[in-house]
file start.txt (compact mmCIF, N, CA and C atoms)
# COMPACT_ATOMS: atom_id res chain seq x y z
N GLN A 230 0.84 -1.19 0.00
CA GLN A 230 0.00 0.00 0.00
C GLN A 230 0.88 1.24 0.00
N VAL A 231 0.58 2.16 -0.89
CA VAL A 231 1.37 3.37 -1.02
C VAL A 231 0.82 4.43 -0.08
N GLN A 232 1.72 5.05 0.65
CA GLN A 232 1.33 6.15 1.52
C GLN A 232 2.29 7.31 1.36
N LEU A 233 1.75 8.50 1.45
CA LEU A 233 2.56 9.71 1.56
C LEU A 233 2.34 10.24 2.97
N VAL A 234 3.40 10.30 3.72
CA VAL A 234 3.28 10.67 5.14
C VAL A 234 3.93 12.03 5.34
N GLU A 235 3.10 13.00 5.73
CA GLU A 235 3.60 14.37 5.96
C GLU A 235 3.90 14.59 7.44
N SER A 236 4.83 15.49 7.69
CA SER A 236 5.14 15.88 9.06
C SER A 236 5.71 17.29 9.05
N GLY A 237 5.75 17.90 10.24
CA GLY A 237 6.40 19.20 10.38
C GLY A 237 5.48 20.38 10.54
N GLY A 238 4.18 20.17 10.44
CA GLY A 238 3.26 21.29 10.61
C GLY A 238 3.22 21.77 12.05
N GLY A 239 2.60 22.92 12.25
CA GLY A 239 2.48 23.45 13.60
C GLY A 239 2.06 24.91 13.60
N LEU A 240 2.15 25.51 14.78
CA LEU A 240 1.81 26.91 14.98
C LEU A 240 3.09 27.72 15.08
N VAL A 241 3.20 28.74 14.25
CA VAL A 241 4.37 29.61 14.27
C VAL A 241 3.92 31.06 14.18
N GLN A 242 4.82 31.96 14.59
CA GLN A 242 4.53 33.38 14.50
C GLN A 242 4.86 33.92 13.11
N PRO A 243 4.24 35.01 12.74
CA PRO A 243 4.59 35.64 11.46
C PRO A 243 6.07 35.96 11.39
N GLY A 244 6.65 35.70 10.22
CA GLY A 244 8.08 35.92 10.02
C GLY A 244 8.94 34.72 10.31
N ALA A 245 8.37 33.71 10.92
CA ALA A 245 9.13 32.51 11.27
C ALA A 245 9.32 31.60 10.06
N SER A 246 10.13 30.56 10.28
CA SER A 246 10.37 29.54 9.26
C SER A 246 9.83 28.19 9.75
N LEU A 247 9.51 27.34 8.79
CA LEU A 247 9.00 26.01 9.11
C LEU A 247 9.34 25.10 7.95
N THR A 248 9.67 23.85 8.25
CA THR A 248 9.96 22.87 7.21
C THR A 248 8.98 21.71 7.30
N LEU A 249 8.32 21.45 6.19
CA LEU A 249 7.43 20.30 6.08
C LEU A 249 8.16 19.17 5.36
N SER A 250 7.88 17.94 5.80
CA SER A 250 8.49 16.78 5.17
C SER A 250 7.42 15.82 4.68
N CYS A 251 7.73 15.14 3.61
CA CYS A 251 6.84 14.13 3.06
C CYS A 251 7.68 12.91 2.72
N ALA A 252 7.24 11.76 3.20
CA ALA A 252 7.94 10.51 2.91
C ALA A 252 7.00 9.57 2.17
N ALA A 253 7.48 9.02 1.07
CA ALA A 253 6.72 8.02 0.32
C ALA A 253 7.02 6.66 0.92
N VAL A 254 5.99 5.98 1.35
CA VAL A 254 6.11 4.66 1.96
C VAL A 254 5.44 3.63 1.08
N GLY A 255 6.14 2.57 0.80
CA GLY A 255 5.55 1.51 0.01
C GLY A 255 6.05 1.44 -1.43
N ARG A 256 6.58 2.54 -1.92
CA ARG A 256 7.17 2.56 -3.26
C ARG A 256 7.95 3.85 -3.44
N SER A 257 8.69 3.89 -4.51
CA SER A 257 9.48 5.08 -4.84
C SER A 257 8.82 5.84 -5.98
N PHE A 258 8.97 7.16 -5.94
CA PHE A 258 8.51 8.00 -7.04
C PHE A 258 9.69 8.67 -7.73
N SER A 259 10.83 7.98 -7.71
CA SER A 259 12.04 8.58 -8.27
C SER A 259 11.90 8.87 -9.76
N GLY A 260 11.02 8.15 -10.44
CA GLY A 260 10.83 8.39 -11.87
C GLY A 260 9.70 9.34 -12.17
N GLY A 261 9.12 9.92 -11.15
CA GLY A 261 8.00 10.83 -11.35
C GLY A 261 8.17 12.12 -10.58
N ALA A 262 7.08 12.71 -10.18
CA ALA A 262 7.11 14.01 -9.53
C ALA A 262 6.52 13.94 -8.12
N MET A 263 7.00 14.85 -7.28
CA MET A 263 6.41 15.05 -5.96
C MET A 263 6.20 16.54 -5.77
N GLY A 264 5.16 16.87 -5.02
CA GLY A 264 4.87 18.28 -4.84
C GLY A 264 4.02 18.55 -3.62
N TRP A 265 3.67 19.82 -3.44
CA TRP A 265 2.84 20.26 -2.32
C TRP A 265 1.70 21.14 -2.82
N PHE A 266 0.56 20.95 -2.19
CA PHE A 266 -0.59 21.81 -2.36
C PHE A 266 -0.99 22.30 -0.96
N ARG A 267 -1.87 23.31 -0.92
CA ARG A 267 -2.40 23.73 0.37
C ARG A 267 -3.86 24.13 0.21
N GLN A 268 -4.58 24.05 1.33
CA GLN A 268 -6.02 24.28 1.28
C GLN A 268 -6.48 24.95 2.56
N THR A 269 -7.33 25.97 2.40
CA THR A 269 -7.97 26.63 3.53
C THR A 269 -9.46 26.29 3.52
N PRO A 270 -10.13 26.40 4.66
CA PRO A 270 -11.55 26.00 4.74
C PRO A 270 -12.41 26.70 3.70
N GLY A 271 -13.20 25.92 2.99
CA GLY A 271 -14.10 26.47 2.00
C GLY A 271 -13.48 26.83 0.67
N LYS A 272 -12.19 26.60 0.55
CA LYS A 272 -11.50 26.94 -0.69
C LYS A 272 -10.95 25.68 -1.37
N ASP A 273 -10.63 25.82 -2.66
CA ASP A 273 -10.04 24.71 -3.40
C ASP A 273 -8.59 24.49 -2.96
N ARG A 274 -8.15 23.28 -3.16
CA ARG A 274 -6.75 22.96 -2.90
C ARG A 274 -5.90 23.62 -3.99
N LYS A 275 -4.85 24.32 -3.55
CA LYS A 275 -4.05 25.11 -4.49
C LYS A 275 -2.62 24.60 -4.58
N PHE A 276 -2.08 24.67 -5.77
CA PHE A 276 -0.71 24.25 -6.03
C PHE A 276 0.28 25.18 -5.32
N VAL A 277 1.30 24.56 -4.71
CA VAL A 277 2.38 25.33 -4.08
C VAL A 277 3.68 25.16 -4.84
N GLY A 278 4.07 23.92 -5.07
CA GLY A 278 5.33 23.67 -5.77
C GLY A 278 5.48 22.22 -6.16
N VAL A 279 6.42 21.97 -7.06
CA VAL A 279 6.67 20.63 -7.60
C VAL A 279 8.17 20.44 -7.84
N VAL A 280 8.61 19.20 -7.65
CA VAL A 280 9.92 18.76 -8.13
C VAL A 280 9.66 17.63 -9.11
N THR A 281 10.12 17.79 -10.33
CA THR A 281 9.83 16.80 -11.36
C THR A 281 10.82 15.63 -11.32
N TRP A 282 10.60 14.67 -12.19
CA TRP A 282 11.45 13.48 -12.26
C TRP A 282 12.90 13.85 -12.58
N SER A 283 13.10 14.97 -13.28
CA SER A 283 14.44 15.38 -13.67
C SER A 283 15.06 16.38 -12.69
N GLY A 284 14.34 16.67 -11.62
CA GLY A 284 14.87 17.60 -10.63
C GLY A 284 14.50 19.05 -10.84
N GLU A 285 13.71 19.33 -11.87
CA GLU A 285 13.26 20.70 -12.09
C GLU A 285 12.27 21.07 -10.98
N THR A 286 12.26 22.34 -10.63
CA THR A 286 11.31 22.83 -9.62
C THR A 286 10.48 23.96 -10.21
N ASP A 287 9.27 24.05 -9.71
CA ASP A 287 8.41 25.16 -10.09
C ASP A 287 7.52 25.46 -8.89
N TYR A 288 7.15 26.72 -8.75
CA TYR A 288 6.35 27.17 -7.62
C TYR A 288 5.21 28.05 -8.12
N ASP A 289 4.22 28.19 -7.26
CA ASP A 289 3.20 29.18 -7.54
C ASP A 289 3.76 30.53 -7.09
N ALA A 290 4.20 31.30 -8.06
CA ALA A 290 4.93 32.53 -7.75
C ALA A 290 4.09 33.51 -6.93
N GLU A 291 2.80 33.57 -7.22
CA GLU A 291 1.96 34.58 -6.56
C GLU A 291 1.86 34.33 -5.06
N SER A 292 1.75 33.09 -4.65
CA SER A 292 1.58 32.81 -3.22
C SER A 292 2.92 32.58 -2.52
N VAL A 293 3.88 31.99 -3.21
CA VAL A 293 5.16 31.65 -2.59
C VAL A 293 6.06 32.87 -2.47
N LYS A 294 6.09 33.70 -3.50
CA LYS A 294 6.86 34.96 -3.49
C LYS A 294 8.31 34.75 -3.12
N GLY A 295 8.89 33.64 -3.60
CA GLY A 295 10.31 33.41 -3.37
C GLY A 295 10.67 32.99 -1.97
N ARG A 296 9.70 32.66 -1.15
CA ARG A 296 9.97 32.35 0.26
C ARG A 296 10.11 30.85 0.53
N PHE A 297 9.68 30.01 -0.40
CA PHE A 297 9.66 28.57 -0.17
C PHE A 297 10.70 27.88 -1.05
N THR A 298 11.25 26.78 -0.54
CA THR A 298 12.22 26.00 -1.30
C THR A 298 11.90 24.52 -1.16
N LEU A 299 11.89 23.82 -2.28
CA LEU A 299 11.66 22.38 -2.30
C LEU A 299 12.98 21.65 -2.42
N THR A 300 13.11 20.57 -1.63
CA THR A 300 14.29 19.72 -1.71
C THR A 300 13.82 18.28 -1.74
N ARG A 301 14.31 17.54 -2.73
CA ARG A 301 13.88 16.16 -2.89
C ARG A 301 15.08 15.22 -2.76
N ASP A 302 14.89 14.14 -2.02
CA ASP A 302 15.90 13.10 -1.89
C ASP A 302 15.35 11.86 -2.59
N LEU A 303 15.88 11.56 -3.77
CA LEU A 303 15.36 10.44 -4.55
C LEU A 303 15.62 9.11 -3.85
N ALA A 304 16.78 8.98 -3.24
CA ALA A 304 17.15 7.72 -2.60
C ALA A 304 16.22 7.40 -1.43
N LYS A 305 15.79 8.43 -0.71
CA LYS A 305 14.94 8.24 0.46
C LYS A 305 13.46 8.44 0.14
N SER A 306 13.17 8.83 -1.08
CA SER A 306 11.79 9.12 -1.49
C SER A 306 11.14 10.12 -0.55
N THR A 307 11.85 11.19 -0.28
CA THR A 307 11.32 12.23 0.58
C THR A 307 11.33 13.58 -0.14
N LEU A 308 10.47 14.45 0.34
CA LEU A 308 10.37 15.79 -0.21
C LEU A 308 10.21 16.75 0.95
N GLU A 309 11.01 17.79 0.96
CA GLU A 309 10.91 18.81 2.00
C GLU A 309 10.46 20.13 1.39
N LEU A 310 9.64 20.84 2.15
CA LEU A 310 9.22 22.19 1.78
C LEU A 310 9.70 23.12 2.88
N GLN A 311 10.72 23.90 2.58
CA GLN A 311 11.23 24.87 3.53
C GLN A 311 10.50 26.18 3.30
N MET A 312 9.87 26.68 4.35
CA MET A 312 9.08 27.90 4.24
C MET A 312 9.69 28.97 5.15
N HIS A 313 9.92 30.13 4.59
CA HIS A 313 10.53 31.24 5.31
C HIS A 313 9.61 32.45 5.26
N ARG A 314 9.84 33.38 6.23
CA ARG A 314 9.07 34.63 6.30
C ARG A 314 7.57 34.33 6.18
N LEU A 315 7.12 33.42 6.98
CA LEU A 315 5.72 33.00 6.91
C LEU A 315 4.77 34.13 7.27
N GLU A 316 3.65 34.13 6.61
CA GLU A 316 2.61 35.16 6.79
C GLU A 316 1.32 34.47 7.23
N PRO A 317 0.43 35.21 7.88
CA PRO A 317 -0.87 34.61 8.26
C PRO A 317 -1.60 34.01 7.07
N GLU A 318 -1.38 34.57 5.88
CA GLU A 318 -2.03 34.05 4.68
C GLU A 318 -1.51 32.67 4.27
N ASP A 319 -0.42 32.23 4.86
CA ASP A 319 0.10 30.89 4.59
C ASP A 319 -0.59 29.83 5.44
N THR A 320 -1.43 30.24 6.34
CA THR A 320 -2.17 29.29 7.17
C THR A 320 -3.05 28.41 6.29
N ALA A 321 -2.86 27.10 6.42
CA ALA A 321 -3.60 26.16 5.58
C ALA A 321 -3.23 24.73 6.00
N VAL A 322 -3.96 23.79 5.45
CA VAL A 322 -3.54 22.39 5.52
C VAL A 322 -2.70 22.14 4.27
N TYR A 323 -1.50 21.65 4.48
CA TYR A 323 -0.57 21.39 3.39
C TYR A 323 -0.58 19.90 3.06
N TYR A 324 -0.73 19.61 1.77
CA TYR A 324 -0.83 18.23 1.30
C TYR A 324 0.34 17.90 0.38
N CYS A 325 0.95 16.76 0.63
CA CYS A 325 1.96 16.21 -0.26
C CYS A 325 1.28 15.41 -1.36
N ALA A 326 1.82 15.49 -2.56
CA ALA A 326 1.25 14.76 -3.70
C ALA A 326 2.38 14.11 -4.50
N ALA A 327 2.03 13.04 -5.20
CA ALA A 327 3.01 12.34 -6.03
C ALA A 327 2.36 11.83 -7.29
N SER A 328 3.17 11.69 -8.32
CA SER A 328 2.69 11.20 -9.60
C SER A 328 3.82 10.50 -10.33
N ASP A 329 3.47 9.54 -11.18
CA ASP A 329 4.47 8.89 -12.02
C ASP A 329 4.72 9.66 -13.32
N ALA A 330 4.03 10.75 -13.51
CA ALA A 330 4.16 11.51 -14.75
C ALA A 330 5.55 12.13 -14.88
N LYS A 331 6.04 12.16 -16.10
CA LYS A 331 7.35 12.79 -16.37
C LYS A 331 7.13 14.18 -16.94
N TRP A 332 6.66 15.07 -16.07
CA TRP A 332 6.39 16.42 -16.50
C TRP A 332 7.67 17.21 -16.71
N ARG A 333 7.57 18.21 -17.56
CA ARG A 333 8.58 19.25 -17.64
C ARG A 333 7.94 20.52 -17.12
N THR A 334 8.73 21.36 -16.48
CA THR A 334 8.13 22.54 -15.84
C THR A 334 7.56 23.52 -16.86
N ASN A 335 8.03 23.48 -18.10
CA ASN A 335 7.46 24.39 -19.08
C ASN A 335 6.08 23.95 -19.55
N SER A 336 5.63 22.77 -19.11
CA SER A 336 4.30 22.30 -19.48
C SER A 336 3.23 22.83 -18.52
N GLY A 337 3.61 23.03 -17.28
CA GLY A 337 2.65 23.48 -16.28
C GLY A 337 1.57 22.46 -15.98
N LYS A 338 1.79 21.21 -16.38
CA LYS A 338 0.74 20.19 -16.26
C LYS A 338 0.74 19.51 -14.91
N TYR A 339 0.87 20.26 -13.87
CA TYR A 339 0.91 19.70 -12.52
C TYR A 339 0.23 20.65 -11.54
N ARG A 340 -0.40 21.67 -12.03
CA ARG A 340 -0.95 22.72 -11.17
C ARG A 340 -2.35 22.43 -10.69
N GLU A 341 -2.95 21.37 -11.22
CA GLU A 341 -4.32 21.03 -10.82
C GLU A 341 -4.31 19.78 -9.96
N VAL A 342 -5.27 19.72 -9.04
CA VAL A 342 -5.40 18.55 -8.16
C VAL A 342 -5.57 17.29 -8.98
N THR A 343 -6.30 17.35 -10.06
CA THR A 343 -6.59 16.18 -10.87
C THR A 343 -5.37 15.66 -11.64
N ASP A 344 -4.29 16.43 -11.67
CA ASP A 344 -3.08 15.98 -12.34
C ASP A 344 -2.34 14.92 -11.53
N TRP A 345 -2.62 14.83 -10.24
CA TRP A 345 -1.85 14.00 -9.32
C TRP A 345 -2.59 12.73 -8.94
N ASP A 346 -1.80 11.66 -8.66
CA ASP A 346 -2.38 10.34 -8.41
C ASP A 346 -2.40 9.95 -6.94
N TYR A 347 -1.47 10.46 -6.16
CA TYR A 347 -1.34 10.05 -4.77
C TYR A 347 -1.30 11.28 -3.87
N TRP A 348 -1.94 11.14 -2.72
CA TRP A 348 -2.03 12.25 -1.77
C TRP A 348 -1.76 11.80 -0.35
N GLY A 349 -1.16 12.70 0.43
CA GLY A 349 -1.04 12.48 1.85
C GLY A 349 -2.29 12.96 2.57
N GLN A 350 -2.28 12.79 3.88
CA GLN A 350 -3.44 13.16 4.69
C GLN A 350 -3.46 14.63 5.06
N GLY A 351 -2.36 15.31 4.89
CA GLY A 351 -2.30 16.73 5.17
C GLY A 351 -1.72 17.04 6.54
N THR A 352 -1.07 18.18 6.63
CA THR A 352 -0.53 18.66 7.90
C THR A 352 -0.88 20.14 8.05
N GLN A 353 -1.36 20.52 9.22
CA GLN A 353 -1.83 21.88 9.45
C GLN A 353 -0.66 22.81 9.74
N VAL A 354 -0.66 23.94 9.05
CA VAL A 354 0.28 25.03 9.34
C VAL A 354 -0.54 26.25 9.72
N THR A 355 -0.27 26.79 10.88
CA THR A 355 -0.97 27.98 11.35
C THR A 355 0.05 29.06 11.66
N VAL A 356 -0.13 30.22 11.03
CA VAL A 356 0.77 31.35 11.24
C VAL A 356 -0.03 32.43 11.95
N SER A 357 0.31 32.66 13.20
CA SER A 357 -0.47 33.60 14.01
C SER A 357 0.36 34.10 15.16
N SER A 358 0.13 35.35 15.52
CA SER A 358 0.81 35.91 16.69
C SER A 358 -0.06 35.74 17.94

call {"tool": "encode", "arguments": {"input": "start.txt", "output": "structure tokens"}}
result
Amino acid sequence: QVQLVESGGGLVQPGASLTLSCAAVGRSFSGGAMGWFRQTPGKDRKFVGVVTWSGETDYDAESVKGRFTLTRDLAKSTLELQMHRLEPEDTAVYYCAASDAKWRTNSGKYREVTDWDYWGQGTQVTVSS
């Protein structure tokens, strides 16, 4: 059984940093993509960032604003999302996603929830003073 297990969420103050981790259990996605989405109550799940099979990265520029960094370890089948200068608007449940697709970042074919095949259960991030 394939599982994506997220960890690292929590409550932080504005301006702080936080790192989320995702581990693929049961199989490797080294030939595909891993990424993160986030969701707030009553809203659609939104794309945050992706690391493709070739190591390319792409982010949602409007929401990330250069503050987040993705790091993928193919050997360990893990993905980290380092978040800096967090804002209250970053408060959301963050979901790890994985796919066997061999996307290229110039395709943009990973920005929708329906593009992805596997999902984690989500981890809550709350940014509040």

call {"tool": "select_by_dssp", "arguments": {"input": "start.txt", "residues": "chain A", "states": "alpha helix (DSSP H)", "output": "MDAnalysis selection string"}}
result
chainID A and resid 290:293

call {"tool": "closest_residue", "arguments": {"input": "start.txt", "among": "A:Phe297, A:Tyr339, A:Phe258, A:Trp332", "to": "A:Lys275", "atoms": "only C-alpha atoms"}}
result
A:Tyr339

call {"tool": "atom_distance", "arguments": {"input": "start.txt", "atom1": "atom C of A:Leu315", "atom2": "atom C of A:Gly295"}}
result
11.0 Å

call {"tool": "closest_residue", "arguments": {"input": "start.txt", "among": "A:Ser283, A:Ser250, A:Thr355, A:Ser236", "to": "A:Leu308", "atoms": "all atoms listed in the file"}}
result
A:Ser250

call {"tool": "closest_residue", "arguments": {"input": "start.txt", "among": "A:Val322, A:Val280, A:Leu249, A:Val354", "to": "A:Met263", "atoms": "only N, CA and C atoms"}}
result
A:Val280

call {"tool": "residues_near_point", "arguments": {"input": "start.txt", "point": "(11.8, 18.2, -11.7)", "cutoff": "8 Å", "atoms": "all atoms listed in the file", "output": "ChimeraX atom specification"}}
result
/A:261-263,279-287,332-334

call {"tool": "build_atoms", "arguments": {"input": "start.txt", "residues": "stretch 336-350 of chain A", "atoms": "N, CA, C and O atoms", "output": "mmCIF file, in the coordinates of the input"}}
result
data_model
loop_
_atom_site.group_PDB
_atom_site.id
_atom_site.type_symbol
_atom_site.label_atom_id
_atom_site.label_comp_id
_atom_site.auth_asym_id
_atom_site.auth_seq_id
_atom_site.Cartn_x
_atom_site.Cartn_y
_atom_site.Cartn_z
ATOM 1 N N SER A 336 5.630 22.770 -19.110
ATOM 2 C CA SER A 336 4.300 22.300 -19.480
ATOM 3 C C SER A 336 3.230 22.830 -18.520
ATOM 4 O O SER A 336 2.092 23.015 -18.915
ATOM 5 N N GLY A 337 3.610 23.030 -17.280
ATOM 6 C CA GLY A 337 2.650 23.480 -16.280
ATOM 7 C C GLY A 337 1.570 22.460 -15.980
ATOM 8 O O GLY A 337 0.563 22.784 -15.348
ATOM 9 N N LYS A 338 1.790 21.210 -16.380
ATOM 10 C CA LYS A 338 0.740 20.190 -16.260
ATOM 11 C C LYS A 338 0.740 19.510 -14.910
ATOM 12 O O LYS A 338 0.630 18.284 -14.831
ATOM 13 N N TYR A 339 0.870 20.260 -13.870
ATOM 14 C CA TYR A 339 0.910 19.700 -12.520
ATOM 15 C C TYR A 339 0.230 20.650 -11.540
ATOM 16 O O TYR A 339 0.293 20.446 -10.341
ATOM 17 N N ARG A 340 -0.400 21.670 -12.030
ATOM 18 C CA ARG A 340 -0.950 22.720 -11.170
ATOM 19 C C ARG A 340 -2.350 22.430 -10.690
ATOM 20 O O ARG A 340 -2.873 23.154 -9.839
ATOM 21 N N GLU A 341 -2.950 21.370 -11.220
ATOM 22 C CA GLU A 341 -4.320 21.030 -10.820
ATOM 23 C C GLU A 341 -4.310 19.780 -9.960
ATOM 24 O O GLU A 341 -3.501 18.870 -10.155
ATOM 25 N N VAL A 342 -5.270 19.720 -9.040
ATOM 26 C CA VAL A 342 -5.400 18.550 -8.160
ATOM 27 C C VAL A 342 -5.570 17.290 -8.980
ATOM 28 O O VAL A 342 -5.000 16.241 -8.653
ATOM 29 N N THR A 343 -6.300 17.350 -10.060
ATOM 30 C CA THR A 343 -6.590 16.180 -10.870
ATOM 31 C C THR A 343 -5.370 15.660 -11.640
ATOM 32 O O THR A 343 -5.416 14.568 -12.199
ATOM 33 N N ASP A 344 -4.290 16.430 -11.670
ATOM 34 C CA ASP A 344 -3.080 15.980 -12.340
ATOM 35 C C ASP A 344 -2.340 14.920 -11.530
ATOM 36 O O ASP A 344 -1.493 14.206 -12.077
ATOM 37 N N TRP A 345 -2.620 14.830 -10.240
ATOM 38 C CA TRP A 345 -1.850 14.000 -9.320
ATOM 39 C C TRP A 345 -2.590 12.730 -8.940
ATOM 40 O O TRP A 345 -3.815 12.703 -8.865
ATOM 41 N N ASP A 346 -1.800 11.660 -8.660
ATOM 42 C CA ASP A 346 -2.380 10.340 -8.410
ATOM 43 C C ASP A 346 -2.400 9.950 -6.940
ATOM 44 O O ASP A 346 -3.233 9.138 -6.520
ATOM 45 N N TYR A 347 -1.470 10.460 -6.160
ATOM 46 C CA TYR A 347 -1.340 10.050 -4.770
ATOM 47 C C TYR A 347 -1.300 11.280 -3.870
ATOM 48 O O TYR A 347 -0.671 12.283 -4.216
ATOM 49 N N TRP A 348 -1.940 11.140 -2.720
ATOM 50 C CA TRP A 348 -2.030 12.250 -1.770
ATOM 51 C C TRP A 348 -1.760 11.800 -0.350
ATOM 52 O O TRP A 348 -2.115 10.684 0.043
ATOM 53 N N GLY A 349 -1.160 12.700 0.430
ATOM 54 C CA GLY A 349 -1.040 12.480 1.850
ATOM 55 C C GLY A 349 -2.290 12.960 2.570
ATOM 56 O O GLY A 349 -3.217 13.480 1.953
ATOM 57 N N GLN A 350 -2.280 12.790 3.880
ATOM 58 C CA GLN A 350 -3.440 13.160 4.690
ATOM 59 C C GLN A 350 -3.460 14.630 5.060
ATOM 60 O O GLN A 350 -4.494 15.148 5.498
#
